[in-house]
>>> print(open('entry-v2.csv').read())   # CSV, C-alpha atoms and all ligand atoms
chain,number,residue,atom,x,y,z
A,1,MET,CA,32.6,-19.5,-21.5
A,2,SER,CA,31.7,-18.9,-17.8
A,3,GLU,CA,30.4,-21.7,-15.6
A,4,LYS,CA,27.1,-19.9,-15.4
A,5,GLN,CA,26.8,-19.7,-19.1
A,6,ILE,CA,27.6,-23.4,-19.5
A,7,ARG,CA,25.0,-24.3,-16.9
A,8,GLN,CA,22.5,-22.0,-18.7
A,9,GLU,CA,23.2,-23.6,-22.1
A,10,THR,CA,22.9,-27.2,-20.7
A,11,SER,CA,19.7,-26.3,-18.8
A,12,GLU,CA,18.2,-25.2,-22.2
A,13,ASN,CA,19.2,-28.4,-23.8
A,14,ASP,CA,17.5,-30.5,-21.3
A,15,GLY,CA,14.3,-28.4,-21.6
A,16,PHE,CA,14.5,-27.1,-18.0
A,17,GLU,CA,13.1,-23.6,-17.7
A,18,ASN,CA,14.4,-21.5,-14.8
A,19,LYS,CA,11.6,-19.1,-14.0
A,20,ASN,CA,13.8,-17.3,-11.4
A,21,SER,CA,16.1,-15.6,-13.8
A,22,GLY,CA,15.7,-13.1,-16.6
A,23,LEU,CA,12.3,-11.9,-17.7
A,24,TRP,CA,9.2,-14.1,-17.8
A,25,THR,CA,5.7,-13.3,-18.9
A,26,GLN,CA,2.8,-15.6,-18.2
A,27,ASN,CA,-0.6,-15.4,-19.8
A,28,LEU,CA,0.1,-11.7,-20.3
A,29,THR,CA,-2.6,-9.7,-22.1
A,30,VAL,CA,-1.7,-6.2,-23.3
A,31,GLY,CA,-3.8,-3.4,-24.8
A,32,TYR,CA,-5.2,0.0,-24.3
A,33,ASP,CA,-8.2,1.2,-22.2
A,34,ARG,CA,-8.8,-2.4,-21.0
A,35,ILE,CA,-9.3,-3.5,-24.6
A,36,PRO,CA,-7.0,-6.5,-25.3
A,37,LEU,CA,-4.6,-6.1,-28.3
A,38,ILE,CA,-2.3,-9.2,-27.8
A,39,ARG,CA,-3.4,-12.1,-25.6
A,40,ASP,CA,-1.5,-14.8,-23.8
A,41,VAL,CA,2.0,-13.4,-24.3
A,42,GLU,CA,4.4,-16.1,-23.0
A,43,LEU,CA,8.0,-14.9,-23.3
A,44,HIS,CA,11.1,-15.9,-21.4
A,45,VAL,CA,14.3,-14.1,-21.9
A,46,HIS,CA,17.2,-15.9,-20.2
A,47,PRO,CA,20.2,-14.1,-18.8
A,48,GLY,CA,22.9,-13.7,-21.5
A,49,GLU,CA,20.4,-14.0,-24.3
A,50,ILE,CA,18.5,-11.8,-26.7
A,51,LEU,CA,14.9,-12.1,-27.6
A,52,THR,CA,13.7,-10.0,-30.5
A,53,LEU,CA,10.1,-9.1,-31.3
A,54,ILE,CA,9.3,-8.8,-35.0
A,55,GLY,CA,6.1,-8.1,-36.9
A,56,PRO,CA,4.4,-5.6,-39.1
A,57,ASN,CA,3.9,-1.9,-38.2
A,58,GLY,CA,1.2,-1.6,-35.6
A,59,SER,CA,1.2,-5.3,-34.7
A,60,GLY,CA,1.9,-4.5,-31.0
A,61,LYS,CA,5.6,-4.9,-30.4
A,62,SER,CA,6.0,-1.5,-28.6
A,63,THR,CA,2.8,-2.2,-26.6
A,64,ILE,CA,4.3,-5.5,-25.3
A,65,LEU,CA,7.5,-3.7,-24.4
A,66,LYS,CA,5.8,-0.8,-22.7
A,67,THR,CA,3.7,-3.2,-20.7
A,68,ILE,CA,6.8,-5.2,-19.6
A,69,THR,CA,8.4,-1.9,-18.5
A,70,LYS,CA,5.2,-0.8,-16.7
A,71,GLN,CA,4.8,2.3,-18.8
A,72,LEU,CA,1.4,0.8,-19.7
A,73,SER,CA,-0.8,-1.2,-17.3
A,74,LYS,CA,-1.3,-4.9,-18.2
A,75,ILE,CA,-4.8,-6.2,-18.8
A,76,ALA,CA,-4.1,-9.7,-17.4
A,77,GLY,CA,-1.3,-12.1,-16.5
A,78,THR,CA,2.0,-11.8,-14.7
A,79,ILE,CA,5.4,-10.4,-15.5
A,80,TYR,CA,8.2,-12.0,-13.5
A,81,VAL,CA,11.4,-9.9,-13.1
A,82,GLU,CA,14.2,-12.1,-11.9
A,83,GLY,CA,11.6,-14.5,-10.5
A,84,THR,CA,9.4,-11.9,-8.7
A,85,PRO,CA,6.1,-10.7,-10.0
A,86,ALA,CA,6.6,-7.1,-11.1
A,87,ASP,CA,3.4,-6.1,-9.3
A,88,LYS,CA,5.1,-6.9,-6.0
A,89,LEU,CA,8.1,-4.7,-6.8
A,90,LYS,CA,8.3,-1.0,-6.1
A,91,ASP,CA,9.3,1.2,-9.1
A,92,SER,CA,12.6,1.9,-7.4
A,93,GLU,CA,13.3,-1.9,-7.1
A,94,ILE,CA,12.3,-2.5,-10.7
A,95,SER,CA,14.6,0.2,-12.0
A,96,LYS,CA,17.5,-1.6,-10.4
A,97,GLN,CA,16.7,-4.7,-12.3
A,98,LEU,CA,15.2,-3.6,-15.5
A,99,SER,CA,16.2,-0.7,-17.8
A,100,MET,CA,14.7,0.5,-21.0
A,101,VAL,CA,15.4,2.9,-23.8
A,102,MET,CA,12.7,5.5,-23.8
A,103,THR,CA,12.6,9.0,-25.1
A,104,GLU,CA,9.1,10.3,-24.5
A,105,ARG,CA,8.9,11.0,-20.8
A,106,LEU,CA,12.3,12.5,-20.3
A,107,ARG,CA,12.7,16.2,-19.7
A,108,THR,CA,16.0,17.2,-21.1
A,109,GLU,CA,15.9,21.0,-21.0
A,110,LEU,CA,19.4,22.4,-20.5
A,111,MET,CA,21.0,19.0,-20.1
A,112,THR,CA,24.1,17.8,-21.9
A,113,GLY,CA,24.2,14.3,-23.4
A,114,ARG,CA,26.4,13.1,-20.6
A,115,GLU,CA,23.9,14.4,-18.0
A,116,VAL,CA,21.1,12.6,-19.7
A,117,VAL,CA,23.1,9.4,-19.7
A,118,ALA,CA,23.9,10.0,-16.0
A,119,SER,CA,20.2,10.1,-15.2
A,120,GLY,CA,20.4,6.4,-15.7
A,121,ARG,CA,22.3,6.2,-12.4
A,122,TYR,CA,19.5,7.9,-10.4
A,123,PRO,CA,18.1,4.5,-9.0
A,124,TYR,CA,21.5,4.3,-7.2
A,125,THR,CA,21.9,7.8,-5.9
A,126,GLY,CA,20.2,9.4,-2.9
A,127,LYS,CA,17.3,11.9,-3.1
A,128,LEU,CA,19.6,14.7,-4.3
A,129,GLY,CA,20.7,12.7,-7.2
A,130,ILE,CA,24.4,13.2,-6.6
A,131,LEU,CA,26.6,10.8,-8.5
A,132,SER,CA,29.7,9.3,-7.0
A,133,GLU,CA,33.0,8.9,-8.9
A,134,GLU,CA,32.0,5.3,-9.5
A,135,ASP,CA,28.7,6.4,-11.0
A,136,TRP,CA,30.4,8.8,-13.4
A,137,LYS,CA,32.8,6.0,-14.4
A,138,LYS,CA,29.9,3.8,-15.4
A,139,VAL,CA,28.4,6.8,-17.3
A,140,ASP,CA,31.5,7.4,-19.2
A,141,GLU,CA,32.1,3.7,-19.9
A,142,ALA,CA,28.5,3.5,-21.4
A,143,ILE,CA,29.1,6.6,-23.5
A,144,GLU,CA,32.3,5.0,-24.8
A,145,LEU,CA,30.5,1.8,-25.6
A,146,VAL,CA,28.0,3.5,-27.8
A,147,ASN,CA,30.6,5.7,-29.5
A,148,ALA,CA,29.0,8.9,-28.4
A,149,LYS,CA,31.9,10.7,-26.7
A,150,GLU,CA,32.0,13.5,-29.3
A,151,VAL,CA,28.5,14.7,-28.5
A,152,ALA,CA,28.4,13.9,-24.8
A,153,GLU,CA,29.0,17.5,-23.8
A,154,GLN,CA,26.5,19.0,-26.2
A,155,ASP,CA,22.9,20.1,-25.5
A,156,PHE,CA,20.9,16.9,-25.7
A,157,ARG,CA,18.1,18.6,-27.7
A,158,ARG,CA,20.6,19.9,-30.3
A,159,ILE,CA,22.1,16.7,-31.5
A,160,SER,CA,20.9,14.4,-34.3
A,161,ASP,CA,18.3,11.6,-33.8
A,162,GLY,CA,21.0,9.0,-34.2
A,163,GLN,CA,23.3,10.6,-31.7
A,164,ARG,CA,20.4,10.9,-29.2
A,165,GLN,CA,19.5,7.2,-29.8
A,166,ARG,CA,23.1,6.2,-28.9
A,167,LEU,CA,23.0,8.3,-25.7
A,168,MET,CA,19.7,6.8,-24.7
A,169,LEU,CA,21.1,3.4,-25.1
A,170,ALA,CA,24.1,4.5,-23.0
A,171,ARG,CA,21.7,5.7,-20.3
A,172,ALA,CA,20.0,2.3,-20.2
A,173,ILE,CA,23.3,0.5,-20.1
A,174,CYS,CA,24.8,2.5,-17.2
A,175,GLN,CA,21.7,1.7,-15.2
A,176,ASP,CA,23.5,-1.6,-14.7
A,177,THR,CA,20.5,-3.9,-14.7
A,178,GLN,CA,20.1,-7.6,-15.4
A,179,ILE,CA,17.3,-7.0,-17.9
A,180,LEU,CA,17.4,-4.5,-20.8
A,181,VAL,CA,14.4,-3.6,-22.9
A,182,LEU,CA,15.0,-1.8,-26.2
A,183,ASP,CA,12.3,-0.6,-28.5
A,184,GLU,CA,13.9,-0.3,-32.0
A,185,PRO,CA,17.3,0.6,-30.7
A,186,THR,CA,18.7,1.2,-34.2
A,187,SER,CA,15.9,2.9,-36.1
A,188,TYR,CA,17.8,6.2,-36.5
A,189,LEU,CA,21.3,4.9,-36.9
A,190,ASP,CA,23.3,4.7,-40.1
A,191,MET,CA,24.6,1.4,-41.2
A,192,GLY,CA,28.0,1.7,-39.5
A,193,PHE,CA,26.5,2.6,-36.1
A,194,LYS,CA,23.7,0.0,-36.5
A,195,LEU,CA,26.3,-2.8,-36.8
A,196,ASP,CA,28.4,-1.3,-34.1
A,197,ILE,CA,25.5,-0.9,-31.6
A,198,LEU,CA,24.1,-4.4,-32.3
A,199,ALA,CA,27.5,-5.9,-31.9
A,200,ASN,CA,27.8,-4.1,-28.6
A,201,ILE,CA,24.3,-5.2,-27.5
A,202,ARG,CA,25.3,-8.8,-28.4
A,203,ARG,CA,28.5,-8.5,-26.4
A,204,LEU,CA,26.7,-6.9,-23.4
A,205,ALA,CA,24.3,-9.8,-23.2
A,206,ARG,CA,27.0,-12.4,-23.3
A,207,GLU,CA,29.7,-10.8,-21.2
A,208,LYS,CA,27.5,-9.3,-18.5
A,209,ASN,CA,24.9,-12.0,-18.7
A,210,ILE,CA,22.1,-9.6,-19.3
A,211,ALA,CA,18.7,-10.7,-20.6
A,212,ILE,CA,17.8,-8.4,-23.5
A,213,ILE,CA,14.4,-8.1,-25.1
A,214,MET,CA,14.0,-5.7,-28.0
A,215,SER,CA,12.1,-5.0,-31.2
A,216,LEU,CA,13.8,-4.7,-34.5
A,217,HIS,CA,12.7,-3.9,-38.0
A,218,GLU,CA,16.0,-4.9,-39.8
A,219,LEU,CA,15.2,-8.5,-40.6
A,220,ASP,CA,18.7,-9.1,-42.0
A,221,LEU,CA,20.1,-8.3,-38.6
A,222,VAL,CA,17.5,-10.1,-36.5
A,223,SER,CA,18.8,-13.5,-37.3
A,224,LYS,CA,22.4,-12.4,-36.6
A,225,ILE,CA,21.8,-11.1,-33.2
A,226,SER,CA,18.9,-12.9,-31.6
A,227,ASP,CA,18.8,-16.2,-29.7
A,228,THR,CA,15.0,-16.3,-29.9
A,229,VAL,CA,12.6,-14.5,-32.2
A,230,ALA,CA,9.0,-13.9,-31.3
A,231,CYS,CA,6.6,-12.9,-34.1
A,232,VAL,CA,3.7,-10.6,-33.3
A,233,LYS,CA,0.7,-10.9,-35.6
A,234,GLY,CA,-3.1,-10.5,-35.1
A,235,ASP,CA,-4.0,-10.8,-31.5
A,236,LYS,CA,-1.2,-13.1,-30.5
A,237,ILE,CA,2.5,-14.1,-30.6
A,238,ASP,CA,2.1,-16.1,-33.8
A,239,ARG,CA,5.4,-18.0,-33.6
A,240,ILE,CA,8.4,-18.2,-31.4
A,241,GLY,CA,11.7,-19.9,-32.0
A,242,THR,CA,15.3,-19.7,-33.0
A,243,PRO,CA,16.1,-17.5,-36.0
A,244,GLU,CA,16.6,-20.7,-38.0
A,245,GLU,CA,13.1,-21.9,-37.1
A,246,ILE,CA,11.6,-18.5,-38.0
A,247,PHE,CA,13.6,-17.6,-41.1
A,248,THR,CA,12.6,-20.5,-43.2
A,249,GLY,CA,10.3,-21.2,-46.1
A,250,ASP,CA,7.7,-18.4,-46.7
A,251,TYR,CA,6.9,-17.7,-43.0
A,252,ILE,CA,8.4,-14.2,-42.9
A,253,GLN,CA,6.7,-13.2,-46.2
A,254,LYS,CA,3.4,-14.3,-44.8
A,255,LEU,CA,4.0,-12.5,-41.5
A,256,TYR,CA,4.5,-9.3,-43.3
A,257,GLY,CA,1.9,-10.0,-46.0
A,258,VAL,CA,4.4,-9.7,-48.9
A,259,ASP,CA,4.9,-11.8,-52.1
A,260,GLU,CA,6.9,-15.0,-51.4
A,261,MET,CA,9.7,-13.8,-53.7
A,262,SER,CA,10.1,-10.4,-52.2
A,263,PHE,CA,12.2,-11.7,-49.4
A,264,ASP,CA,15.0,-14.3,-49.2
A,265,PRO,CA,14.9,-15.8,-45.7
A,266,VAL,CA,18.4,-17.2,-46.1
A,267,THR,CA,20.2,-14.0,-46.9
A,268,GLY,CA,17.7,-11.5,-45.6
A,269,GLN,CA,17.7,-9.7,-48.9
A,270,VAL,CA,14.5,-7.9,-49.9
A,271,PHE,CA,13.4,-7.3,-53.5
A,272,LEU,CA,10.9,-4.8,-55.0
A,273,HIS,CA,7.8,-6.3,-56.5
A,274,VAL,CA,8.1,-6.8,-60.3
A,275,GLU,CA,5.4,-7.4,-62.8
A,276,LYS,CA,6.1,-10.6,-64.6
A,277,LYS,CA,5.9,-9.9,-68.4
A,278,ALA,CA,7.3,-11.8,-71.4
A,279,PRO,CA,11.1,-11.6,-71.2
A,280,GLU,CA,12.9,-9.3,-73.6
A,281,VAL,CA,16.5,-10.1,-72.5
A,282,PHE,CA,18.1,-13.3,-71.5
A,283,VAL,CA,20.8,-13.0,-68.8
A,284,ILE,CA,23.5,-15.7,-68.5
A,285,GLY,CA,24.6,-15.5,-64.9
A,286,GLY,CA,25.8,-17.5,-62.0
A,287,GLY,CA,27.9,-17.2,-58.8
A,288,GLY,CA,26.6,-13.7,-58.2
A,289,SER,CA,27.7,-12.3,-61.6
A,290,GLY,CA,24.2,-11.6,-62.7
A,291,ILE,CA,22.9,-9.6,-59.7
A,292,ALA,CA,24.0,-6.2,-60.9
A,293,VAL,CA,22.5,-6.9,-64.4
A,294,TYR,CA,19.2,-8.0,-62.9
A,295,GLN,CA,19.0,-4.9,-60.8
A,296,LYS,CA,19.8,-2.6,-63.7
A,297,LEU,CA,17.2,-4.3,-65.9
A,298,GLN,CA,14.6,-4.0,-63.1
A,299,ARG,CA,15.4,-0.3,-62.7
A,300,LYS,CA,14.9,0.1,-66.4
A,301,GLN,CA,11.7,-2.0,-66.2
A,302,ILE,CA,13.0,-4.4,-68.9
A,303,PRO,CA,11.5,-7.9,-68.3
A,304,PHE,CA,14.2,-10.6,-68.5
A,305,ALA,CA,14.8,-14.3,-68.1
A,306,ALA,CA,17.9,-15.8,-66.4
A,307,GLY,CA,19.8,-19.0,-66.4
A,308,ILE,CA,21.1,-21.5,-66.1
A,309,LEU,CA,21.3,-21.2,-62.3
A,310,GLN,CA,21.6,-23.9,-59.7
A,311,GLU,CA,19.0,-23.6,-57.0
A,312,ASN,CA,21.8,-23.0,-54.4
A,313,ASP,CA,23.4,-20.3,-56.4
A,314,VAL,CA,23.8,-17.0,-54.5
A,315,GLU,CA,21.9,-15.1,-57.1
A,316,PHE,CA,19.0,-17.6,-57.5
A,317,ALA,CA,16.7,-15.7,-55.1
A,318,ALA,CA,17.4,-12.4,-56.9
A,319,ALA,CA,16.8,-13.9,-60.3
A,320,ARG,CA,13.6,-15.5,-59.2
A,321,ALA,CA,12.3,-12.3,-57.6
A,322,LEU,CA,13.3,-9.9,-60.4
A,323,GLY,CA,13.2,-12.0,-63.5
A,324,SER,CA,10.1,-13.1,-65.4
A,325,GLU,CA,11.5,-16.6,-65.9
A,326,VAL,CA,14.5,-18.5,-64.5
A,327,VAL,CA,15.9,-21.7,-66.0
A,328,SER,CA,17.4,-23.6,-63.0
A,329,GLU,CA,18.8,-26.9,-62.0
A,330,LYS,CA,18.6,-28.7,-58.7
A,331,ALA,CA,21.5,-27.9,-56.3
A,332,PHE,CA,24.7,-30.0,-56.8
A,333,SER,CA,23.3,-31.6,-60.0
A,334,SER,CA,24.8,-31.4,-63.4
A,335,ILE,CA,22.8,-29.3,-65.8
A,336,GLY,CA,20.5,-31.4,-67.9
A,337,MET,CA,20.1,-31.0,-71.7
A,338,ASP,CA,16.4,-30.2,-71.2
A,339,LYS,CA,17.5,-27.1,-69.3
A,340,VAL,CA,19.9,-26.1,-72.0
A,341,GLU,CA,17.1,-26.5,-74.6
A,342,LYS,CA,14.7,-24.4,-72.5
A,343,ALA,CA,17.3,-21.6,-72.2
A,344,LYS,CA,18.0,-21.6,-75.9
A,345,GLN,CA,14.2,-21.3,-76.6
A,346,LEU,CA,14.1,-18.3,-74.3
A,347,ILE,CA,17.2,-16.8,-76.1
A,348,ASP,CA,15.3,-17.2,-79.3
A,349,SER,CA,12.3,-15.4,-78.0
A,350,CYS,CA,14.3,-12.5,-76.5
A,351,HIS,CA,15.7,-9.7,-78.6
A,352,SER,CA,19.1,-9.8,-76.9
A,353,CYS,CA,21.2,-11.8,-74.4
A,354,ILE,CA,23.6,-10.5,-71.8
A,355,CYS,CA,26.4,-12.7,-70.6
A,356,ALA,CA,27.4,-11.6,-67.0
A,357,VAL,CA,29.8,-14.5,-66.5
A,358,ASP,CA,33.5,-13.8,-67.1
A,359,GLU,CA,35.0,-17.2,-66.5
A,360,PHE,CA,33.9,-20.6,-67.6
A,361,GLY,CA,35.0,-24.0,-66.3
A,362,PRO,CA,33.6,-27.5,-66.2
A,363,GLN,CA,30.8,-26.5,-63.8
A,364,ASN,CA,29.3,-23.9,-66.1
A,365,GLU,CA,30.0,-25.4,-69.5
A,366,ALA,CA,26.3,-25.2,-70.3
A,367,CYS,CA,26.4,-21.4,-69.9
A,368,LEU,CA,29.4,-21.2,-72.2
A,369,ASN,CA,27.3,-23.2,-74.7
A,370,LEU,CA,24.5,-20.6,-74.3
A,371,LYS,CA,26.9,-17.7,-74.8
A,372,GLU,CA,28.1,-19.2,-78.1
A,373,TYR,CA,24.5,-19.9,-79.1
A,374,ALA,CA,23.5,-16.2,-78.5
A,375,GLN,CA,26.6,-15.1,-80.4
A,376,GLU,CA,25.7,-17.2,-83.4
A,377,LYS,CA,22.2,-15.7,-83.3
A,378,GLY,CA,23.7,-12.2,-83.2
A,379,LYS,CA,22.0,-11.5,-79.9
A,380,LEU,CA,25.0,-11.2,-77.5
A,381,MET,CA,25.5,-7.9,-75.7
A,382,TYR,CA,28.0,-7.1,-73.0
A,383,SER,CA,26.0,-4.6,-71.0
A,384,VAL,CA,22.5,-3.2,-70.5
A,401,LIG,N1,-1.8,5.1,-26.7
A,401,LIG,C1,-2.5,4.3,-27.5
A,401,LIG,N2,-3.9,4.2,-27.4
A,401,LIG,C2,-4.6,3.3,-28.1
A,401,LIG,N3,-4.0,2.5,-29.1
A,401,LIG,C3,-2.7,2.6,-29.3
A,401,LIG,C4,-1.9,3.5,-28.5
A,401,LIG,N4,-0.6,3.4,-28.9
A,401,LIG,C5,-0.6,2.5,-30.0
A,401,LIG,N5,-1.9,2.0,-30.2
A,401,LIG,C6,-2.3,1.0,-31.2
A,401,LIG,O1,-1.9,-0.2,-30.8
A,401,LIG,C7,-1.5,-1.0,-31.9
A,401,LIG,C8,-0.1,-1.5,-31.7
A,401,LIG,O2,0.8,-0.4,-31.7
A,401,LIG,P1,2.4,-0.6,-31.4
A,401,LIG,O3,3.0,0.7,-31.3
A,401,LIG,O4,2.5,-1.5,-30.2
A,401,LIG,O5,2.8,-1.4,-32.7
A,401,LIG,P2,4.3,-1.8,-33.2
A,401,LIG,O6,4.3,-3.2,-33.5
A,401,LIG,O7,5.3,-1.4,-32.1
A,401,LIG,O8,4.4,-0.9,-34.5
A,401,LIG,P3,5.7,-0.2,-35.2
A,401,LIG,O9,6.4,-1.4,-35.9
A,401,LIG,O10,5.0,0.7,-36.2
A,401,LIG,O11,6.5,0.5,-34.2
A,401,LIG,C9,-1.6,-0.1,-33.1
A,401,LIG,O12,-2.8,-0.4,-33.8
A,401,LIG,C10,-1.7,1.3,-32.5
A,401,LIG,O13,-2.5,2.1,-33.3
>>> encode(input="entry-v2.csv", output="structure tokens")
Amino acid sequence: MSEKQIRQETSENDGFENKNSGLWTQNLTVGYDRIPLIRDVELHVHPGEILTLIGPNGSGKSTILKTITKQLSKIAGTIYVEGTPADKLKDSEISKQLSMVMTERLRTELMTGREVVASGRYPYTGKLGILSEEDWKKVDEAIELVNAKEVAEQDFRRISDGQRQRLMLARAICQDTQILVLDEPTSYLDMGFKLDILANIRRLAREKNIAIIMSLHELDLVSKISDTVACVKGDKIDRIGTPEEIFTGDYIQKLYGVDEMSFDPVTGQVFLHVEKKAPEVFVIGGGGSGIAVYQKLQRKQIPFAAGILQENDVEFAAARALGSEVVSEKAFSSIGMDKVEKAKQLIDSCHSCICAVDEFGPQNEACLNLKEYAQEKGKLMYSV
């Protein structure tokens, strides 16, 4: 860790905020046609860190980002770029300090991907826009970083959305600024590129000490990449904190207006809404063994009960979300006889029982007991 990073981390720990670095917004109000959409936006993105905006569609994430990058006029407040109010900076000065991924305003007729990326170097070239060898080196490094070498020489308009997105990110990266603004940088990318680009963004922040502010819809990735998460809801930033402070309890579910069980804040898993009906099948699961069975039953719309799961079991959230009933025991406690009885009653009321568990030991003896019970009753099945 560099000395600068250590200083930065310790400065956070003692609560000291350095307004002269990164990006800072104070009492910022954003909106359209002078009508406020989000008020009092107070964000600070430190060098080397990533702040991610999350929130439902239309909540105002892009509006905040567009205002920060001056594509949209602010209604009130101040945006500090590396300590200086953005109003006092010329566009040419801002573009040396702050870069953004944008697609709308760019004219890309007859341009190759590499040329589009190279336009990110224009703030550093003279009026004729001639790039030096050093500029082209930065262009090619950025293209390499986003894994877009194979499409760099193609017509920018004739490549896929995902390839275009990677090149636009390269364009922002080679602009070589201290602040990077990204609006949904992974929306068109497949899973492999999503992970790759986000890992690169993370590395870029840490290694080059860049302050990054972005919006993301992939909640499972937000907590892995962000230092700070700001939640946009209604006419304000509803909550701001570390991923651990945001992804807890039922906050995210409330932010997005979904059922509490539709999302597991610990793993980031999402579950389709299920109508809770009287269970027809009892699933003996545990340790992740039951998940595939729950999903199959859900796809077939067969209501089920599950058990006996400890509340810290990896499949507890899935069972709770997809099952009509779950017999569970507190984490790290031995399974009580009352829970075994409850599970047996449910087996009695179901027409069949599926045992997803392959191996039994002292920790899941109660489940072995249930399997034997189901067998005695002639209800044991091995697959859906
Ligand atoms: N040019 C515009 N003029 C007026 N209103 C606009 C304009 N662009 C967006 N809006 C409105 O501003 C609100 C916020 O839009 P914004 O694009 O910032 O949301 P978002 O959080 O980025 O959404 P998404 O997750 O769907 O990308 C929406 O109600 C939208 O309809």
>>> residues_near_point(input="entry-v2.csv", point="(21.2, 7.0, -36.3)", cutoff="9 Å", atoms="all atoms listed in the file", output="list in words")
Ser160, Asp161, Gly162, Gln163, Arg164, Gln165, Arg166, Thr186, Ser187, Tyr188, Leu189, Asp190, Met191, Phe193 and Lys194 of chain A
>>> residues_near_ligand(input="entry-v2.csv", ligand="ligand LIG 401 (chain A)", cutoff="8 Å", atoms="all atoms listed in the file", output="PyMOL selection string")
chain A and resi 31-33+37+54-65+183-184+215+217+232
>>> write_last_selection(input="entry-v2.csv", atoms="C-alpha atoms", output="tab-separated table (two decimals), in the frame of the given file")
chain	number	residue	atom	x	y	z
A	31	GLY	CA	-3.80	-3.40	-24.80
A	32	TYR	CA	-5.20	0.00	-24.30
A	33	ASP	CA	-8.20	1.20	-22.20
A	37	LEU	CA	-4.60	-6.10	-28.30
A	54	ILE	CA	9.30	-8.80	-35.00
A	55	GLY	CA	6.10	-8.10	-36.90
A	56	PRO	CA	4.40	-5.60	-39.10
A	57	ASN	CA	3.90	-1.90	-38.20
A	58	GLY	CA	1.20	-1.60	-35.60
A	59	SER	CA	1.20	-5.30	-34.70
A	60	GLY	CA	1.90	-4.50	-31.00
A	61	LYS	CA	5.60	-4.90	-30.40
A	62	SER	CA	6.00	-1.50	-28.60
A	63	THR	CA	2.80	-2.20	-26.60
A	64	ILE	CA	4.30	-5.50	-25.30
A	65	LEU	CA	7.50	-3.70	-24.40
A	183	ASP	CA	12.30	-0.60	-28.50
A	184	GLU	CA	13.90	-0.30	-32.00
A	215	SER	CA	12.10	-5.00	-31.20
A	217	HIS	CA	12.70	-3.90	-38.00
A	232	VAL	CA	3.70	-10.60	-33.30
>>> residues_around(input="entry-v2.csv", residues="segment 89-97 of chain A", least_positions_apart="2", cutoff="7 Å", atoms="all atoms listed in the file", output="PyMOL selection string")
chain A and resi 86-87+99+123+177-179
>>> residues_around(input="entry-v2.csv", residues="segment 301-314 of chain A", least_positions_apart="5", cutoff="7 Å", atoms="only C-alpha atoms", output="PyMOL selection string")
chain A and resi 277-288+319+323-331+343+367
>>> write_last_selection(input="entry-v2.csv", atoms="C-alpha atoms", output="short mmCIF file (atom, residue, chain, number, x, y, z; two decimals), in the coordinates of the input")
data_model
loop_
_atom_site.label_atom_id
_atom_site.label_comp_id
_atom_site.auth_asym_id
_atom_site.auth_seq_id
_atom_site.Cartn_x
_atom_site.Cartn_y
_atom_site.Cartn_z
CA LYS A 277 5.90 -9.90 -68.40
CA ALA A 278 7.30 -11.80 -71.40
CA PRO A 279 11.10 -11.60 -71.20
CA GLU A 280 12.90 -9.30 -73.60
CA VAL A 281 16.50 -10.10 -72.50
CA PHE A 282 18.10 -13.30 -71.50
CA VAL A 283 20.80 -13.00 -68.80
CA ILE A 284 23.50 -15.70 -68.50
CA GLY A 285 24.60 -15.50 -64.90
CA GLY A 286 25.80 -17.50 -62.00
CA GLY A 287 27.90 -17.20 -58.80
CA GLY A 288 26.60 -13.70 -58.20
CA ALA A 319 16.80 -13.90 -60.30
CA GLY A 323 13.20 -12.00 -63.50
CA SER A 324 10.10 -13.10 -65.40
CA GLU A 325 11.50 -16.60 -65.90
CA VAL A 326 14.50 -18.50 -64.50
CA VAL A 327 15.90 -21.70 -66.00
CA SER A 328 17.40 -23.60 -63.00
CA GLU A 329 18.80 -26.90 -62.00
CA LYS A 330 18.60 -28.70 -58.70
CA ALA A 331 21.50 -27.90 -56.30
CA ALA A 343 17.30 -21.60 -72.20
CA CYS A 367 26.40 -21.40 -69.90
#
>>> atom_distance(input="entry-v2.csv", atom1="atom CA of Tyr256 of chain A", atom2="atom CA of Arg320 of chain A")
19.3 Å
>>> atom_distance(input="entry-v2.csv", atom1="atom CA of Ile159 of chain A", atom2="atom CA of Leu53 of chain A")
28.5 Å
>>> residues_near_point(input="entry-v2.csv", point="(27.6, -8.7, -18.3)", cutoff="10 Å", atoms="all atoms listed in the file", output="list in words")
Pro47, Gly48, Asp176, Thr177, Gln178, Arg203, Leu204, Ala205, Arg206, Glu207, Lys208, Asn209, Ile210 and Ala211 of chain A
>>> closest_residue(input="entry-v2.csv", among="A:Ser349, A:Leu272, A:Lys344, A:Leu110", to="Glu372 of chain A", atoms="all atoms listed in the file")
A:Lys344
>>> residues_around(input="entry-v2.csv", residues="segment 66-78 of chain A", least_positions_apart="5", cutoff="7 Å", atoms="all atoms listed in the file", output="number ranges by chain")
A: 25-31, 34, 36, 85
>>> atom_distance(input="entry-v2.csv", atom1="atom CA of Ser334 of chain A", atom2="atom CA of Leu297 of chain A")
28.3 Å
>>> residues_around(input="entry-v2.csv", residues="Phe263 of chain A", least_positions_apart="5", cutoff="12 Å", atoms="only C-alpha atoms", output="number ranges by chain")
A: 219-220, 247-258, 268-273, 317-318, 320-322
>>> closest_residue(input="entry-v2.csv", among="A:Ile79, A:Leu216, A:Leu182, A:Ala366", to="Gly336 of chain A", atoms="only C-alpha atoms")
A:Ala366
>>> residues_around(input="entry-v2.csv", residues="Gly120 of chain A", least_positions_apart="6", cutoff="7 Å", atoms="only C-alpha atoms", output="count of residues only")
4
>>> closest_residue(input="entry-v2.csv", among="A:Cys231, A:Leu195, A:Ala142, A:Glu153", to="Val41 of chain A", atoms="all atoms listed in the file")
A:Cys231
